[in-house]
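Data first, discussion second: the structure below is written as structure tokens.
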Amino acid sequence: MTLTKVYPPLTNHYRQESASYVTLDCMKDIRRDFPHLTRRGFLIAGGAALTTAIALPDTPGCTLTSGQEEGPYYIDDETLRRNITEGRPGAAVLLSIRVMDAKRCTPIRNAAVDIWHCDALGVYSGFTANSPDGGPGGGPGGRRPGPPPEFRGNGGFGRGGPNGPRSRQTDATRFLRGVQITDERGFVEFATLYPGWYSGRAIHIHLKVHIGGAAEENKYSAGHVAHTGQLFFPEDITERVARLEPYAKRLEVHRTTQSEDGIFNSQHGAECMLKTERVSKTDSEGFRASASVAIDPESTPAPVGGRGGRGFGGPPR
């Protein structure tokens, strides 16, 4: 079986090579990425990794995908890596994203897809001392909604506030953040986890698509952002995942549904749903999820949402 593997480039331009794989090698990768899977789970996930790219239609829709706001938890530290779990607990997700040119209806090669999301307990890396629900790791009971106290009333979270650029306080953690470069079919794939929830937001994954930048060693930089958006999971699947550990530890915290999420409803979240299915007969074995994002690679869209999409005008984003 022949697949195209994208290698992080060692120079300022990308290098792609065709490499031969056997199923056993792919399954070793899945076992490394998701060591908690059972033998049956990782055998099926291995097959999923080989076929995730074809889970989307051969003729994708090329209508420009609506953008959503960036939110306050983005960190400009684009690291090239496929597995972004860093051993965090939760339901495994093999995430495949295809990037299409909305004007030409063709795949975009060498785009950098940058994703980030919270862990199973609603905590974002970089902000582990000040989670969206307040306090370290969510605070007592995870009940206190709103932004961390030091970020309130600063005229805009992070960049652009009165304290100058990068005024946010972040820590060194970077779990559930990473970048992959699209192949000639416009695909990237991540080994990640099903996100948890926090007050005010439906479960989501943030993403940016960077165009025209460069990769040096394991970092991506420069270029411009052609799309900023969010991806959402089907509510019926989320309802089941919420009963699994460690998600069930948060059942005392109200889980905002998509119908209750103002950002989902006002920023066309229904257009950004992930096609999601189990890799086996049980939810505990994990999921594969896929989405197609159609962008204008030559544009630099204005930020969506109030305060440049970075301020706290309501619940955490």
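Identifiers for the structure tokens are assigned positionally: chains receive A, B, ... in sequence, residues are indexed from 1 per chain, and ligands are indexed from 1 in the order shown.
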
List as CSV every residue of region 96-120 of chain A that is in contact with region 124-131 of chain A, defined as an atom at most 9 Å from one of its atoms (using only C-alpha atoms), together with the nearest atom pair and the distance in Å rounded to one decimal, sorted by chain and then rising number.
```
residue,atom,partner,partner_atom,distance
A:Trp116,CA,A:Tyr124,CA,8.3
A:His117,CA,A:Tyr124,CA,6.5
A:Cys118,CA,A:Tyr124,CA,4.4
A:Asp119,CA,A:Tyr124,CA,6.4
```

How would the residues just chosen look if you wrote them out with N, CA and C atoms as an mmCIF file, in the first residue's frame?
```
data_model
loop_
_atom_site.group_PDB
_atom_site.id
_atom_site.type_symbol
_atom_site.label_atom_id
_atom_site.label_comp_id
_atom_site.auth_asym_id
_atom_site.auth_seq_id
_atom_site.Cartn_x
_atom_site.Cartn_y
_atom_site.Cartn_z
ATOM 1 N N TRP A 116 -6.213 23.831 18.157
ATOM 2 C CA TRP A 116 -6.063 23.831 19.610
ATOM 3 C C TRP A 116 -7.437 23.656 20.243
ATOM 4 N N HIS A 117 -7.469 22.982 21.388
ATOM 5 C CA HIS A 117 -8.736 22.801 22.108
ATOM 6 C C HIS A 117 -8.449 22.393 23.541
ATOM 7 N N CYS A 118 -9.481 22.426 24.374
ATOM 8 C CA CYS A 118 -9.318 22.077 25.785
ATOM 9 C C CYS A 118 -9.260 20.566 25.954
ATOM 10 N N ASP A 119 -8.848 20.131 27.144
ATOM 11 C CA ASP A 119 -8.770 18.699 27.424
ATOM 12 C C ASP A 119 -10.114 18.190 27.942
#
```

| task | Can you list, as number ranges by chain, all residues belonging to region 208-294 of chain A that DSSP tags as alpha helix (DSSP H)? | result | A: 235-241, 262-266

Take the selection from the previous step and output its residues with N, CA and C atoms, as a PDB file, in the first residue's frame.
```pdb
ATOM      1  N   GLU A 235     -24.143  16.431  18.667  1.00  0.00           N
ATOM      2  CA  GLU A 235     -24.588  16.449  20.053  1.00  0.00           C
ATOM      3  C   GLU A 235     -24.901  15.052  20.589  1.00  0.00           C
ATOM      4  N   ASP A 236     -25.407  14.158  19.743  1.00  0.00           N
ATOM      5  CA  ASP A 236     -25.750  12.837  20.253  1.00  0.00           C
ATOM      6  C   ASP A 236     -24.503  12.064  20.669  1.00  0.00           C
ATOM      7  N   ILE A 237     -23.391  12.267  19.937  1.00  0.00           N
ATOM      8  CA  ILE A 237     -22.146  11.605  20.308  1.00  0.00           C
ATOM      9  C   ILE A 237     -21.563  12.235  21.565  1.00  0.00           C
ATOM     10  N   THR A 238     -21.614  13.550  21.647  1.00  0.00           N
ATOM     11  CA  THR A 238     -21.120  14.233  22.844  1.00  0.00           C
ATOM     12  C   THR A 238     -21.875  13.783  24.086  1.00  0.00           C
ATOM     13  N   GLU A 239     -23.179  13.574  23.948  1.00  0.00           N
ATOM     14  CA  GLU A 239     -23.981  13.124  25.082  1.00  0.00           C
ATOM     15  C   GLU A 239     -23.484  11.771  25.594  1.00  0.00           C
ATOM     16  N   ARG A 240     -23.079  10.908  24.702  1.00  0.00           N
ATOM     17  CA  ARG A 240     -22.555   9.599  25.118  1.00  0.00           C
ATOM     18  C   ARG A 240     -21.160   9.729  25.721  1.00  0.00           C
ATOM     19  N   VAL A 241     -20.302  10.521  25.086  1.00  0.00           N
ATOM     20  CA  VAL A 241     -18.941  10.701  25.579  1.00  0.00           C
ATOM     21  C   VAL A 241     -18.951  11.290  26.985  1.00  0.00           C
ATOM     22  N   GLY A 262     -24.250  30.914  21.922  1.00  0.00           N
ATOM     23  CA  GLY A 262     -24.446  32.083  21.063  1.00  0.00           C
ATOM     24  C   GLY A 262     -23.440  32.151  19.929  1.00  0.00           C
ATOM     25  N   ILE A 263     -22.210  31.720  20.170  1.00  0.00           N
ATOM     26  CA  ILE A 263     -21.200  31.753  19.109  1.00  0.00           C
ATOM     27  C   ILE A 263     -21.545  30.736  18.024  1.00  0.00           C
ATOM     28  N   PHE A 264     -21.940  29.537  18.414  1.00  0.00           N
ATOM     29  CA  PHE A 264     -22.336  28.523  17.435  1.00  0.00           C
ATOM     30  C   PHE A 264     -23.481  29.041  16.566  1.00  0.00           C
ATOM     31  N   ASN A 265     -24.480  29.666  17.195  1.00  0.00           N
ATOM     32  CA  ASN A 265     -25.674  30.085  16.458  1.00  0.00           C
ATOM     33  C   ASN A 265     -25.471  31.360  15.656  1.00  0.00           C
ATOM     34  N   SER A 266     -24.643  32.278  16.143  1.00  0.00           N
ATOM     35  CA  SER A 266     -24.471  33.557  15.438  1.00  0.00           C
ATOM     36  C   SER A 266     -23.354  33.521  14.406  1.00  0.00           C
TER      37      SER A 266
END
```

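Pairwise distance (CA of Asp101 (chain A), CA of Ile84 (chain A)) equals 26.3 Å.
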
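We find CA of Ala120 (chain A) and CA of Phe232 (chain A) to be spaced 15.0 Å apart.
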
| query | region 294-298 of chain A: which residues within 7 Å, counting only C-alpha atoms, same-chain residues fewer than 2 positions away excluded, as number ranges by chain? | reply | A: 62-65, 99-103, 211, 226-227, 292, 300

Go ahead and save the residues from that selection, with N, CA and C atoms, as a PDB file, in the first residue's frame.
```pdb
ATOM      1  N   CYS A  62     -17.465  23.382  -2.220  1.00  0.00           N
ATOM      2  CA  CYS A  62     -16.427  24.406  -2.260  1.00  0.00           C
ATOM      3  C   CYS A  62     -16.963  25.779  -1.895  1.00  0.00           C
ATOM      4  N   THR A  63     -18.124  25.819  -1.248  1.00  0.00           N
ATOM      5  CA  THR A  63     -18.628  27.084  -0.732  1.00  0.00           C
ATOM      6  C   THR A  63     -17.720  27.555   0.392  1.00  0.00           C
ATOM      7  N   LEU A  64     -17.385  28.824   0.388  1.00  0.00           N
ATOM      8  CA  LEU A  64     -16.480  29.384   1.393  1.00  0.00           C
ATOM      9  C   LEU A  64     -16.984  29.054   2.793  1.00  0.00           C
ATOM     10  N   THR A  65     -16.133  28.460   3.603  1.00  0.00           N
ATOM     11  CA  THR A  65     -16.498  28.083   4.968  1.00  0.00           C
ATOM     12  C   THR A  65     -16.552  29.322   5.858  1.00  0.00           C
ATOM     13  N   VAL A  99      -8.367  20.823   3.280  1.00  0.00           N
ATOM     14  CA  VAL A  99      -8.424  22.247   2.961  1.00  0.00           C
ATOM     15  C   VAL A  99      -8.584  22.398   1.460  1.00  0.00           C
ATOM     16  N   MET A 100      -9.651  23.113   1.065  1.00  0.00           N
ATOM     17  CA  MET A 100      -9.975  23.307  -0.349  1.00  0.00           C
ATOM     18  C   MET A 100      -9.910  24.785  -0.716  1.00  0.00           C
ATOM     19  N   ASP A 101      -9.573  25.057  -1.959  1.00  0.00           N
ATOM     20  CA  ASP A 101      -9.615  26.402  -2.513  1.00  0.00           C
ATOM     21  C   ASP A 101     -11.051  26.674  -2.950  1.00  0.00           C
ATOM     22  N   ALA A 102     -11.722  27.610  -2.283  1.00  0.00           N
ATOM     23  CA  ALA A 102     -13.134  27.865  -2.570  1.00  0.00           C
ATOM     24  C   ALA A 102     -13.345  28.453  -3.961  1.00  0.00           C
ATOM     25  N   LYS A 103     -12.369  29.157  -4.491  1.00  0.00           N
ATOM     26  CA  LYS A 103     -12.511  29.761  -5.826  1.00  0.00           C
ATOM     27  C   LYS A 103     -12.321  28.725  -6.926  1.00  0.00           C
ATOM     28  N   ILE A 211      -1.232  30.300   5.275  1.00  0.00           N
ATOM     29  CA  ILE A 211      -0.803  30.148   3.877  1.00  0.00           C
ATOM     30  C   ILE A 211       0.491  30.933   3.661  1.00  0.00           C
ATOM     31  N   ALA A 226      -5.454  32.621   6.481  1.00  0.00           N
ATOM     32  CA  ALA A 226      -6.529  32.713   5.484  1.00  0.00           C
ATOM     33  C   ALA A 226      -7.875  32.274   6.048  1.00  0.00           C
ATOM     34  N   HIS A 227      -7.857  31.619   7.200  1.00  0.00           N
ATOM     35  CA  HIS A 227      -9.120  31.186   7.808  1.00  0.00           C
ATOM     36  C   HIS A 227      -8.920  30.972   9.298  1.00  0.00           C
ATOM     37  N   SER A 292     -14.218  19.185   5.927  1.00  0.00           N
ATOM     38  CA  SER A 292     -13.607  19.886   4.801  1.00  0.00           C
ATOM     39  C   SER A 292     -13.786  21.386   5.019  1.00  0.00           C
ATOM     40  N   THR A 300      -7.008  37.603   3.625  1.00  0.00           N
ATOM     41  CA  THR A 300      -6.694  37.673   5.052  1.00  0.00           C
ATOM     42  C   THR A 300      -7.949  38.207   5.736  1.00  0.00           C
TER      43      THR A 300
END
```

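We find CA of Trp197 (chain A) and CA of Gly122 (chain A) to be spaced 4.9 Å apart.
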
| What lies within 9 Å of Phe187 (chain A) using only C-alpha atoms, ignoring chain neighbours under 2 positions off, as an MDAnalysis selection string? | chainID A and resid 53 96:99 107:109 181:185 189 292

Take the residues that were just selected and, keeping C-alpha atoms, output them as a PDB file, in the first residue's frame.
```pdb
ATOM      1  CA  ALA A  53      -8.863  10.697   4.063  1.00  0.00           C
ATOM      2  CA  SER A  96      -8.755  14.488   9.414  1.00  0.00           C
ATOM      3  CA  ILE A  97      -9.174  17.944   7.851  1.00  0.00           C
ATOM      4  CA  ARG A  98      -9.174  18.702   4.134  1.00  0.00           C
ATOM      5  CA  VAL A  99      -8.424  22.247   2.961  1.00  0.00           C
ATOM      6  CA  PRO A 107      -7.201  20.935  -2.806  1.00  0.00           C
ATOM      7  CA  ILE A 108      -4.646  23.303  -1.287  1.00  0.00           C
ATOM      8  CA  ARG A 109      -1.210  21.780  -0.817  1.00  0.00           C
ATOM      9  CA  ILE A 181       0.992  20.615   6.578  1.00  0.00           C
ATOM     10  CA  THR A 182      -1.546  19.544   3.940  1.00  0.00           C
ATOM     11  CA  ASP A 183      -0.523  16.940   1.374  1.00  0.00           C
ATOM     12  CA  GLU A 184      -1.256  17.122  -2.360  1.00  0.00           C
ATOM     13  CA  ARG A 185      -4.881  16.145  -1.651  1.00  0.00           C
ATOM     14  CA  GLU A 189      -4.411  14.250  10.184  1.00  0.00           C
ATOM     15  CA  SER A 292     -13.607  19.886   4.801  1.00  0.00           C
TER      16      SER A 292
END
```
